[in-house]
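> Next comes the structure file my_file_17.cif, holding mmCIF, C-alpha atoms and all ligand atoms.
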data_data
#
loop_
_atom_site.label_atom_id
_atom_site.label_comp_id
_atom_site.auth_asym_id
_atom_site.auth_seq_id
_atom_site.Cartn_x
_atom_site.Cartn_y
_atom_site.Cartn_z
CA MET A 1 -15.49 -28.09 5.30
CA GLN A 2 -18.89 -26.71 4.36
CA SER A 3 -17.83 -23.05 4.49
CA SER A 4 -14.47 -23.51 2.77
CA LYS A 5 -15.73 -22.25 -0.58
CA ARG A 6 -16.58 -18.89 0.80
CA PRO A 7 -13.71 -16.37 0.47
CA GLN A 8 -12.58 -15.17 3.85
CA GLU A 9 -12.80 -11.45 3.25
CA ASN A 10 -15.65 -11.33 0.86
CA THR A 11 -19.14 -11.88 2.13
CA VAL A 12 -20.88 -10.47 -0.93
CA PHE A 13 -22.82 -12.79 -3.19
CA MET A 14 -23.74 -10.30 -5.88
CA LYS A 15 -21.64 -10.49 -9.03
CA PHE A 16 -20.36 -7.64 -11.16
CA GLU A 17 -22.44 -9.06 -14.01
CA ASP A 18 -25.57 -8.18 -12.05
CA TYR A 19 -24.76 -4.47 -11.90
CA ASN A 20 -26.26 -2.01 -14.27
CA PHE A 21 -22.90 -0.53 -15.35
CA THR A 22 -22.20 0.62 -18.83
CA PRO A 23 -21.12 -2.42 -20.93
CA GLU A 24 -17.76 -0.84 -21.79
CA LEU A 25 -16.92 -0.78 -18.09
CA LYS A 26 -18.20 -4.30 -17.45
CA LYS A 27 -15.94 -5.59 -20.18
CA SER A 28 -12.87 -4.18 -18.40
CA ILE A 29 -13.97 -5.44 -14.99
CA GLY A 30 -14.20 -8.89 -16.56
CA LYS A 31 -10.79 -8.57 -18.16
CA LEU A 32 -9.24 -7.71 -14.80
CA GLY A 33 -10.66 -10.98 -13.53
CA PHE A 34 -12.92 -9.33 -10.93
CA LYS A 35 -16.03 -11.46 -10.55
CA LYS A 36 -17.62 -10.22 -7.35
CA PRO A 37 -17.26 -6.88 -5.63
CA THR A 38 -15.34 -6.92 -2.36
CA ASP A 39 -17.25 -5.81 0.74
CA ILE A 40 -16.08 -2.22 0.48
CA GLN A 41 -16.92 -2.12 -3.24
CA PHE A 42 -20.35 -3.58 -2.61
CA LYS A 43 -21.11 -0.99 0.05
CA SER A 44 -19.51 2.09 -1.56
CA ILE A 45 -20.61 1.82 -5.16
CA PRO A 46 -24.37 2.53 -4.69
CA PRO A 47 -23.99 5.70 -2.55
CA ILE A 48 -21.29 7.03 -4.87
CA LEU A 49 -23.58 6.47 -7.85
CA ASN A 50 -26.30 8.24 -5.83
CA GLY A 51 -24.29 11.39 -5.38
CA GLU A 52 -23.51 11.02 -1.67
CA ASP A 53 -20.38 12.14 0.12
CA VAL A 54 -18.64 9.07 1.49
CA LEU A 55 -16.05 8.27 4.13
CA ALA A 56 -14.97 4.69 3.46
CA ILE A 57 -12.69 2.71 5.73
CA ALA A 58 -11.60 -0.83 4.93
CA GLN A 59 -8.50 -2.95 5.49
CA THR A 60 -5.47 -2.89 3.23
CA GLY A 61 -5.74 -4.77 -0.04
CA THR A 62 -9.55 -4.90 -0.09
CA GLY A 63 -9.93 -3.11 -3.43
CA LYS A 64 -10.62 0.45 -2.34
CA THR A 65 -9.24 1.85 -5.61
CA ALA A 66 -11.84 0.07 -7.72
CA ALA A 67 -14.47 0.95 -5.10
CA PHE A 68 -14.24 4.55 -6.28
CA ALA A 69 -12.89 4.03 -9.81
CA ILE A 70 -15.79 1.84 -10.97
CA PRO A 71 -18.67 4.20 -10.06
CA ILE A 72 -16.75 7.30 -11.15
CA ILE A 73 -15.96 5.85 -14.56
CA ASP A 74 -19.55 4.74 -14.92
CA LEU A 75 -20.86 8.20 -14.04
CA LEU A 76 -18.39 10.01 -16.26
CA HIS A 77 -18.92 7.73 -19.20
CA ARG A 78 -22.70 8.04 -19.03
CA HIS A 79 -23.11 11.71 -18.35
CA LYS A 80 -20.12 13.91 -18.25
CA ILE A 81 -17.52 13.40 -20.91
CA LYS A 82 -19.46 15.11 -23.64
CA ASN A 83 -18.37 18.36 -22.04
CA ARG A 84 -14.67 17.68 -21.84
CA LYS A 85 -13.86 21.25 -22.81
CA ASP A 86 -15.28 22.25 -19.42
CA GLY A 87 -12.13 20.94 -17.75
CA ILE A 88 -11.54 18.17 -15.27
CA LYS A 89 -14.52 16.44 -13.65
CA CYS A 90 -12.78 14.38 -11.01
CA LEU A 91 -9.71 15.12 -8.91
CA ILE A 92 -8.03 12.36 -6.90
CA MET A 93 -5.50 13.50 -4.34
CA VAL A 94 -2.81 11.11 -3.12
CA PRO A 95 0.32 11.42 -0.97
CA THR A 96 2.96 10.01 -3.33
CA ARG A 97 3.85 9.88 -6.99
CA GLU A 98 4.04 6.10 -6.97
CA LEU A 99 0.48 5.92 -5.75
CA ALA A 100 -0.65 8.49 -8.32
CA ILE A 101 0.82 6.34 -11.08
CA GLN A 102 -0.78 3.20 -9.70
CA ILE A 103 -4.22 4.78 -9.49
CA VAL A 104 -3.87 6.09 -13.04
CA GLU A 105 -3.11 2.53 -14.13
CA VAL A 106 -6.20 1.14 -12.38
CA PHE A 107 -8.39 3.84 -13.95
CA GLU A 108 -6.85 3.29 -17.36
CA SER A 109 -7.49 -0.41 -17.30
CA LEU A 110 -11.06 0.04 -16.07
CA ALA A 111 -11.80 2.89 -18.50
CA TYR A 112 -10.08 1.20 -21.45
CA HIS A 113 -13.22 0.75 -23.55
CA THR A 114 -14.84 4.01 -22.43
CA GLN A 115 -14.17 7.58 -23.48
CA VAL A 116 -12.91 8.61 -20.05
CA LYS A 117 -9.46 10.27 -20.11
CA ILE A 118 -7.14 10.05 -17.12
CA LEU A 119 -3.92 11.88 -16.30
CA GLY A 120 -1.50 11.74 -13.39
CA VAL A 121 0.37 14.90 -12.32
CA PHE A 122 3.15 14.75 -9.77
CA GLY A 123 6.50 16.31 -9.12
CA GLY A 124 9.95 15.06 -9.98
CA VAL A 125 9.27 14.86 -13.69
CA GLU A 126 8.99 17.55 -16.39
CA GLN A 127 5.88 19.71 -16.35
CA ASP A 128 5.51 20.38 -20.05
CA PRO A 129 4.23 16.97 -21.12
CA GLN A 130 1.67 17.14 -18.29
CA ILE A 131 0.56 20.62 -19.38
CA ASN A 132 0.32 19.40 -22.96
CA LYS A 133 -1.95 16.54 -22.04
CA LEU A 134 -4.07 18.78 -19.83
CA SER A 135 -4.66 21.11 -22.75
CA LYS A 136 -6.00 18.22 -24.82
CA GLY A 137 -8.72 17.51 -22.27
CA VAL A 138 -8.71 15.30 -19.20
CA ASP A 139 -11.63 13.97 -17.17
CA VAL A 140 -9.90 12.42 -14.18
CA LEU A 141 -6.79 14.00 -12.69
CA VAL A 142 -4.74 12.04 -10.15
CA ALA A 143 -2.38 14.40 -8.34
CA THR A 144 0.05 14.90 -5.53
CA PRO A 145 -0.52 18.29 -3.89
CA GLY A 146 2.77 20.01 -4.80
CA ARG A 147 2.64 19.66 -8.56
CA MET A 148 -1.10 20.20 -8.62
CA PHE A 149 -0.80 23.63 -6.97
CA ASP A 150 2.01 24.54 -9.37
CA LEU A 151 -0.25 23.76 -12.29
CA ILE A 152 -3.29 25.47 -10.75
CA HIS A 153 -1.27 28.64 -10.20
CA GLN A 154 -0.14 28.56 -13.80
CA GLY A 155 -3.78 28.43 -14.77
CA VAL A 156 -3.48 25.22 -16.76
CA ILE A 157 -5.97 23.19 -14.74
CA ASN A 158 -9.59 24.07 -15.32
CA TYR A 159 -11.41 22.77 -12.24
CA ARG A 160 -14.44 25.07 -12.38
CA ARG A 161 -16.79 22.27 -13.40
CA LEU A 162 -15.29 19.68 -11.12
CA GLN A 163 -17.86 17.27 -9.70
CA TYR A 164 -15.91 14.71 -7.71
CA LEU A 165 -13.07 15.11 -5.24
CA ILE A 166 -11.52 11.89 -3.96
CA VAL A 167 -8.92 11.77 -1.21
CA ASP A 168 -7.16 8.40 -1.04
CA GLU A 169 -5.07 7.43 2.00
CA ALA A 170 -7.27 10.02 3.65
CA ASP A 171 -5.81 9.74 7.14
CA LEU A 172 -2.36 10.63 5.85
CA MET A 173 -3.70 13.36 3.56
CA LEU A 174 -5.65 15.00 6.37
CA ASP A 175 -2.75 14.79 8.77
CA LEU A 176 -0.43 17.64 9.55
CA GLY A 177 1.70 17.57 6.41
CA PHE A 178 -1.11 17.88 3.92
CA ILE A 179 -4.14 19.32 5.69
CA LYS A 180 -3.45 22.87 4.57
CA ASP A 181 -3.19 21.70 0.97
CA ILE A 182 -6.46 19.84 1.23
CA ARG A 183 -8.24 22.83 2.74
CA ASP A 184 -6.79 25.09 0.06
CA VAL A 185 -7.86 22.84 -2.73
CA MET A 186 -11.34 22.55 -1.27
CA ASN A 187 -11.57 26.32 -1.29
CA PHE A 188 -10.64 26.39 -4.95
CA LEU A 189 -13.12 23.77 -6.04
CA PRO A 190 -16.82 24.27 -6.76
CA LYS A 191 -18.88 23.96 -3.60
CA LYS A 192 -21.45 21.77 -5.27
CA ARG A 193 -19.53 18.57 -5.65
CA GLN A 194 -19.23 15.08 -4.25
CA THR A 195 -16.36 14.31 -1.86
CA LEU A 196 -15.07 10.83 -1.11
CA PHE A 197 -12.48 9.84 1.49
CA PHE A 198 -10.87 6.40 1.41
CA SER A 199 -8.48 4.90 3.93
CA ALA A 200 -7.44 1.71 5.68
CA THR A 201 -6.88 3.42 9.02
CA ILE A 202 -8.37 6.52 10.56
CA SER A 203 -8.19 8.05 14.00
CA ARG A 204 -11.06 9.71 15.82
CA ASN A 205 -9.58 13.19 15.23
CA ILE A 206 -9.04 12.66 11.56
CA LYS A 207 -12.51 11.22 11.20
CA ASP A 208 -14.00 14.31 12.85
CA LEU A 209 -11.88 16.49 10.60
CA ALA A 210 -13.07 14.60 7.53
CA TYR A 211 -16.70 15.10 8.56
CA SER A 212 -16.13 18.79 9.12
CA LEU A 213 -15.00 19.11 5.52
CA VAL A 214 -18.08 17.59 3.91
CA THR A 215 -21.84 17.67 4.30
CA ASN A 216 -23.80 14.66 5.49
CA ALA A 217 -21.15 12.15 4.55
CA ILE A 218 -22.15 8.53 4.64
CA ARG A 219 -19.74 6.48 6.66
CA ILE A 220 -18.95 3.05 5.35
CA GLN A 221 -16.71 1.11 7.60
CA ILE A 222 -15.85 -2.50 7.11
CA SER A 223 -14.55 -3.28 10.57
CA PRO A 224 -13.65 -6.85 11.17
CA LYS A 225 -12.29 -7.65 14.62
CA ASP A 226 -8.77 -7.33 13.38
CA ARG A 227 -7.23 -4.24 11.84
CA VAL A 228 -4.78 -6.43 9.98
CA SER A 229 -6.30 -8.22 7.01
CA LYS A 230 -7.08 -11.91 7.54
CA ASN A 231 -4.96 -12.78 4.53
CA ILE A 232 -1.83 -11.82 6.46
CA SER A 233 -0.29 -13.99 9.12
CA HIS A 234 1.91 -11.72 11.16
CA SER A 235 4.27 -12.36 14.03
CA LEU A 236 7.34 -10.90 15.66
CA ILE A 237 10.73 -11.96 16.91
CA PHE A 238 12.83 -10.32 19.58
CA VAL A 239 16.28 -9.54 18.19
CA GLU A 240 19.04 -7.24 19.38
CA ILE A 241 19.29 -4.25 17.06
CA ASP A 242 22.86 -5.13 16.08
CA ASP A 243 21.84 -8.67 15.19
CA LYS A 244 18.93 -7.78 12.96
CA ARG A 245 20.98 -8.04 9.82
CA PHE A 246 21.87 -11.67 10.55
CA PHE A 247 18.24 -12.59 10.91
CA LEU A 248 17.34 -10.81 7.72
CA GLU A 249 20.14 -12.64 5.94
CA ARG A 250 18.87 -15.93 7.28
CA ILE A 251 15.27 -15.36 6.26
CA ILE A 252 16.33 -14.30 2.77
CA ASN A 253 18.56 -17.35 2.39
CA GLU A 254 15.89 -19.68 3.68
CA TYR A 255 13.37 -18.46 1.14
CA PRO A 256 15.54 -17.72 -1.87
CA GLU A 257 12.68 -17.62 -4.37
CA SER A 258 10.47 -15.32 -2.31
CA LYS A 259 9.58 -11.74 -2.99
CA ILE A 260 10.41 -9.83 0.19
CA LEU A 261 9.63 -6.24 1.13
CA ILE A 262 11.66 -4.88 4.05
CA PHE A 263 10.70 -1.78 6.01
CA VAL A 264 13.20 0.37 7.87
CA ARG A 265 12.78 3.51 9.93
CA THR A 266 14.86 6.00 7.92
CA LYS A 267 16.37 6.60 4.50
CA VAL A 268 19.86 6.26 5.98
CA ARG A 269 18.99 2.90 7.45
CA ALA A 270 17.63 1.72 4.11
CA GLU A 271 21.04 2.33 2.55
CA ARG A 272 22.81 0.79 5.52
CA VAL A 273 20.78 -2.40 5.42
CA GLN A 274 21.34 -2.63 1.67
CA LYS A 275 25.11 -2.43 2.27
CA ALA A 276 24.98 -5.00 5.06
CA MET A 277 23.17 -7.38 2.70
CA ALA A 278 25.69 -6.67 -0.07
CA ARG A 279 28.47 -7.74 2.31
CA VAL A 280 26.83 -11.15 2.54
CA LYS A 281 26.26 -11.32 -1.21
CA ILE A 282 22.56 -10.55 -1.09
CA SER A 283 21.50 -8.00 -3.61
CA ALA A 284 18.63 -5.74 -2.66
CA GLN A 285 17.29 -2.43 -3.96
CA THR A 286 16.09 0.54 -1.92
CA ILE A 287 13.26 3.00 -2.33
CA HIS A 288 12.91 6.19 -0.28
CA GLY A 289 12.46 9.93 -0.54
CA ASP A 290 16.13 10.77 -1.15
CA LYS A 291 16.20 8.90 -4.42
CA GLU A 292 15.70 10.53 -7.78
CA GLN A 293 12.12 10.22 -8.97
CA LYS A 294 13.05 8.29 -12.09
CA ASP A 295 15.06 5.81 -10.03
CA ARG A 296 12.18 5.34 -7.61
CA LEU A 297 9.80 4.61 -10.44
CA LYS A 298 12.21 2.22 -12.08
CA VAL A 299 12.78 0.33 -8.84
CA MET A 300 9.06 0.11 -8.09
CA ASN A 301 8.19 -1.07 -11.60
CA GLU A 302 10.92 -3.69 -11.57
CA PHE A 303 9.86 -4.93 -8.16
CA LYS A 304 6.23 -5.09 -9.27
CA ALA A 305 7.36 -7.09 -12.31
CA SER A 306 9.48 -9.35 -10.04
CA GLU A 307 12.67 -8.47 -11.93
CA PHE A 308 14.33 -8.51 -8.53
CA ASN A 309 13.01 -9.91 -5.28
CA ILE A 310 14.25 -7.90 -2.33
CA LEU A 311 13.27 -4.30 -1.72
CA ILE A 312 14.10 -2.12 1.28
CA ALA A 313 11.63 0.73 1.79
CA THR A 314 10.62 3.51 4.13
CA ASP A 315 7.00 3.99 5.20
CA ILE A 316 5.91 6.76 2.95
CA SER A 317 7.34 5.29 -0.25
CA ALA A 318 5.10 2.22 -0.03
CA ARG A 319 1.83 3.71 1.28
CA GLY A 320 -1.07 2.29 -0.69
CA ILE A 321 1.15 0.60 -3.23
CA ASP A 322 -0.24 -2.62 -4.70
CA ILE A 323 2.67 -4.92 -5.49
CA PRO A 324 1.67 -8.32 -6.79
CA ASN A 325 2.87 -11.45 -5.00
CA VAL A 326 4.82 -10.06 -2.09
CA ASP A 327 5.44 -13.22 -0.03
CA TYR A 328 7.01 -11.60 3.02
CA VAL A 329 6.96 -8.21 4.64
CA ILE A 330 9.78 -7.78 7.15
CA ASN A 331 9.57 -4.94 9.62
CA TYR A 332 13.30 -4.62 10.10
CA ASP A 333 12.56 -1.68 12.39
CA LEU A 334 9.22 -1.14 14.01
CA PRO A 335 7.39 1.90 12.63
CA ASP A 336 7.30 5.15 14.60
CA GLN A 337 3.59 5.58 13.89
CA ALA A 338 1.55 2.65 15.15
CA GLU A 339 -0.90 2.75 12.22
CA ASN A 340 1.97 2.29 9.80
CA TYR A 341 2.31 -1.24 11.08
CA VAL A 342 -1.02 -1.96 9.39
CA HIS A 343 0.01 -0.21 6.19
CA ARG A 344 3.35 -1.99 6.04
CA VAL A 345 2.12 -5.53 6.64
CA GLY A 346 -0.72 -4.66 4.28
CA ARG A 347 1.66 -4.73 1.33
CA THR A 348 1.27 -8.51 1.38
CA GLY A 349 -1.93 -10.59 1.39
CA ARG A 350 -3.67 -8.33 -1.12
CA GLY A 351 -6.84 -9.08 -3.02
CA MET A 352 -7.27 -12.83 -2.83
CA GLU A 353 -3.60 -13.53 -1.99
CA LYS A 354 -2.14 -14.66 1.32
CA GLY A 355 0.99 -13.22 2.91
CA VAL A 356 3.36 -13.42 5.86
CA ALA A 357 4.76 -10.53 7.88
CA ILE A 358 7.56 -10.76 10.43
CA SER A 359 8.66 -7.89 12.65
CA PHE A 360 12.02 -7.55 14.39
CA CYS A 361 11.76 -5.94 17.79
CA GLY A 362 14.86 -4.81 19.65
CA GLU A 363 15.00 -4.08 23.37
CA GLU A 364 14.84 -0.35 22.59
CA GLU A 365 11.70 -0.77 20.52
CA LYS A 366 9.48 -2.32 23.15
CA GLU A 367 7.62 0.92 23.77
CA LYS A 368 6.79 1.15 20.09
CA LEU A 369 5.60 -2.42 20.20
CA GLU A 370 3.24 -1.50 23.02
CA GLU A 371 1.87 1.38 20.99
CA ILE A 372 1.31 -0.88 18.01
CA GLU A 373 -0.42 -3.53 20.07
CA LYS A 374 -2.59 -0.87 21.65
CA PHE A 375 -3.54 0.32 18.18
CA LEU A 376 -4.28 -3.23 17.03
CA GLY A 377 -6.19 -3.97 20.21
CA LYS A 378 -4.33 -7.25 20.56
CA LYS A 379 -0.91 -8.78 21.02
CA ILE A 380 1.21 -9.75 18.05
CA GLU A 381 2.18 -13.41 18.12
CA VAL A 382 5.79 -13.88 19.23
CA ARG A 383 7.97 -16.45 17.50
CA GLU A 384 10.30 -17.81 20.13
CA ILE A 385 13.90 -18.30 19.05
CA SER A 386 15.97 -20.71 21.06
CA LYS A 387 19.41 -19.61 22.20
CA PHE A 388 20.84 -22.22 19.88
CA ASP A 389 18.94 -20.88 16.87
CA TYR A 390 19.86 -17.32 17.75
CA GLU A 391 23.55 -18.10 17.92
CA GLU A 392 23.45 -20.28 14.88
CA THR A 393 21.92 -17.44 12.90
CA ILE A 394 24.87 -15.23 13.76
CA ASP A 395 27.48 -17.96 13.37
CA PHE A 396 26.35 -18.84 9.91
CA SER A 397 26.31 -15.34 8.58
CA GLU A 398 28.58 -14.84 5.59
CA GLU A 399 29.78 -11.83 7.48
CA ASN A 400 31.03 -13.88 10.36
CA PRO A 401 34.80 -14.23 10.53
CA LYS A 402 34.70 -17.68 12.16
CA ASP A 403 35.94 -20.68 10.27
CA TRP A 404 32.46 -21.58 9.36
CA GLN A 405 33.35 -24.41 7.06
CA VAL A 406 34.00 -26.37 10.20
CA LEU A 407 30.80 -25.13 11.80
CA ILE A 408 28.81 -26.15 8.78
CA GLU A 409 30.03 -29.70 8.96
CA GLU A 410 29.36 -29.86 12.64
CA ASN A 411 25.88 -28.50 12.42
CA GLU A 412 24.71 -29.62 9.03
CA ASN A 413 22.28 -32.17 10.28
CA ARG A 414 20.92 -30.21 13.15
CA LYS A 415 20.44 -27.18 10.95
CA LYS A 416 18.51 -29.07 8.32
CA LYS A 417 16.27 -30.47 10.98
CA SER A 418 15.48 -27.16 12.59
CA ARG A 419 14.77 -25.51 9.23
CA LYS A 420 12.49 -28.28 8.19
CA LYS A 421 10.61 -27.75 11.38
CA LYS A 422 10.35 -24.00 10.75
CA LYS A 423 9.00 -24.40 7.25
CA LYS A 424 6.11 -26.41 8.63
P1 LIG B 1 -6.61 -1.10 -1.18
O1 LIG B 1 -6.60 0.26 -1.80
O2 LIG B 1 -7.89 -1.43 -0.48
O3 LIG B 1 -5.41 -1.37 -0.32
P2 LIG B 1 -6.29 -1.98 -3.93
O4 LIG B 1 -7.36 -1.13 -4.51
O5 LIG B 1 -4.88 -1.56 -4.18
O6 LIG B 1 -6.52 -2.18 -2.36
O7 LIG B 1 -6.56 -3.49 -4.42
C1 LIG B 1 -5.83 -4.58 -3.92
C2 LIG B 1 -5.82 -5.71 -4.94
O8 LIG B 1 -7.10 -6.31 -5.03
C3 LIG B 1 -5.45 -5.24 -6.34
O9 LIG B 1 -4.46 -6.08 -6.86
C4 LIG B 1 -6.74 -5.35 -7.11
O10 LIG B 1 -6.51 -5.66 -8.47
C5 LIG B 1 -7.47 -6.48 -6.40
N1 LIG B 1 -8.95 -6.36 -6.48
C6 LIG B 1 -9.69 -5.25 -6.33
N2 LIG B 1 -11.00 -5.52 -6.42
C7 LIG B 1 -11.13 -6.83 -6.67
C8 LIG B 1 -12.25 -7.72 -6.88
N3 LIG B 1 -13.48 -7.28 -6.84
N4 LIG B 1 -11.97 -9.02 -7.09
C9 LIG B 1 -10.69 -9.46 -7.10
N5 LIG B 1 -9.59 -8.70 -6.92
C10 LIG B 1 -9.80 -7.39 -6.70
MG MG B 2 -5.50 1.94 -1.70
#
Since I need it in another form, could you write the structure as structure tokens?

Amino acid sequence: MQSSKRPQENTVFMKFEDYNFTPELKKSIGKLGFKKPTDIQFKSIPPILNGEDVLAIAQTGTGKTAAFAIPIIDLLHRHKIKNRKDGIKCLIMVPTRELAIQIVEVFESLAYHTQVKILGVFGGVEQDPQINKLSKGVDVLVATPGRMFDLIHQGVINYRRLQYLIVDEADLMLDLGFIKDIRDVMNFLPKKRQTLFFSATISRNIKDLAYSLVTNAIRIQISPKDRVSKNISHSLIFVEIDDKRFFLERIINEYPESKILIFVRTKVRAERVQKAMARVKISAQTIHGDKEQKDRLKVMNEFKASEFNILIATDISARGIDIPNVDYVINYDLPDQAENYVHRVGRTGRGMEKGVAISFCGEEEKEKLEEIEKFLGKKIEVREISKFDYEETIDFSEENPKDWQVLIEENENRKKKSRKKKKK
């Protein structure tokens, strides 16, 4: 009882009011409803304000974006924006366009009353409007590597006076796909600058690589016992691969009002699961790399706004994305990369919210499960399904050709009972 008032994740007692930030910034922090810094914000803000290089690791949903946005906006507003003609002062590199847009939004809301100008540049949309805005003067540029290099080569980004480089989702950005881009960009940028890496997961190798890229970086690691945030209760069920769709159908039907994010292994499977759900009259949207950019953005915005409730996604499309009020994350397939388990389940239970994650594990996926549990350093709780429940789940699928009207009558009472039990 006595400790119940203390938020689980947040052990900081200092309030944002107590900080010496510029009043324009404090006003926005207040408007966002942030009262106290999260642990990672509390620990990262002072060294960033002090000019240190930082490698910051903290669980999903712990407010890493504001952990760099707040001090950067404060610094820029106080000292740097008078010289906007000098070009961009801060570059933030991210793996996806969706994340670029989200970070721009966070910066824009925090910088609303300040003079700081923010722009996102990413592929899949026309260049000219981006070039236009760049020419008018931008302080903070949030970019995916591809489009950024395009614009650099066209000479429309002036980065010669850049002071801050931030790499978000750093483990992914420093991994094979992007490392060359990051090295290249570091070669372009002024040597005298501050570099910040932020991530929820990081391996030994990537950590070493990060250190090799900066000088005397301060490491800030919030490492609770569990890699998965406390706000998430996560468990798994063993299901045959061919039966997964029945279990998904059942979960969706049992929680009709819930916002559910479903992860699958490939783009093709995303479409396939969507079709399987359509056959049982469940409408779901998909998001993955094969979709047109404008469709991806539309789907993500509508899901964020809860205009629809069921989204099927691949790993990369949801990395770092902050979607309000996701009730359930379903790992329809286990991820190929163990750390993506943490990123996927981390789409729920964000900020002060709580969330539930359920993973489906087929016989063929048990090796992956082992990898994931090794990464987590502990077993994932298994939800036992009785043979009766398993069969019932299949029997009651809309897809099932049986005369289920009869089955319903037969099982009505038993079914109600067992669901009631589950909900508890
Ligand atoms: P991360 O990058 O660590 O996964 P985000 O930066 O996306 O997390 O933030 C997760 C959520 O927490 C967001 O919805 C954000 O608005 C909220 N948040 C961030 N900082 C605070 C704070 N100090 N108090 C309350 N909520 C916060
Ligand atoms: Mg983040």
> Any idea what the distance is between CA of Lys259 (chain A) and CA of Asp327 (chain A)?
5.3 Å
> At a cut-off of 9 Å, using all atoms listed in the file, what residues contact Leu49 (chain A)? Leave out same-chain residues fewer than 6 positions from it and give the result as a list of chain:residue names.
A:Pro71, A:Ile72, A:Asp74, A:Leu75
> Report as a ChimeraX atom specification all protein, DNA and RNA residues lying within 9 Å of Ile88 (chain A), evaluated on all atoms listed in the file, omitting residues in the same chain fewer than 2 positions from it.
/A:84-86,90-91,134,137-141,157-163
> If the limit is 8 Å from any atom of ligand MG 2 (chain B), counting all atoms listed in the file, which residues qualify? Return them as a PyMOL selection string.
chain A and resi 60-61+63-65+168-169+198-200+320-322
> Have a look at A:Ile131, A:Ala318, A:Leu209, A:Ile182 and name the one nearest to ligand LIG 1 (chain B); count only C-alpha atoms and all ligand atoms.
A:Ala318
> So, counting only C-alpha atoms, which residue among A:Phe107, A:Tyr19, A:Phe13, A:Phe188 is closest to Leu32 (chain A)?
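Selected residue with least distance to Leu32 (chain A): A:Phe107.
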> Using Å and a single decimal, report how far CA of Lys117 (chain A) sits from CA of Asn20 (chain A).
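Result for CA of Asn20 (chain A) versus CA of Lys117 (chain A): 21.6 Å, one decimal.
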> Select, from A:Val125, A:Val280, A:Ile222, A:Leu174, the residue with the minimum atom-to-atom distance to ligand LIG 1 (chain B), counting all atoms listed in the file.
A:Ile222
> Hey, can you check how far CA of Asn301 (chain A) sits from CA of Glu105 (chain A)?
12.1 Å
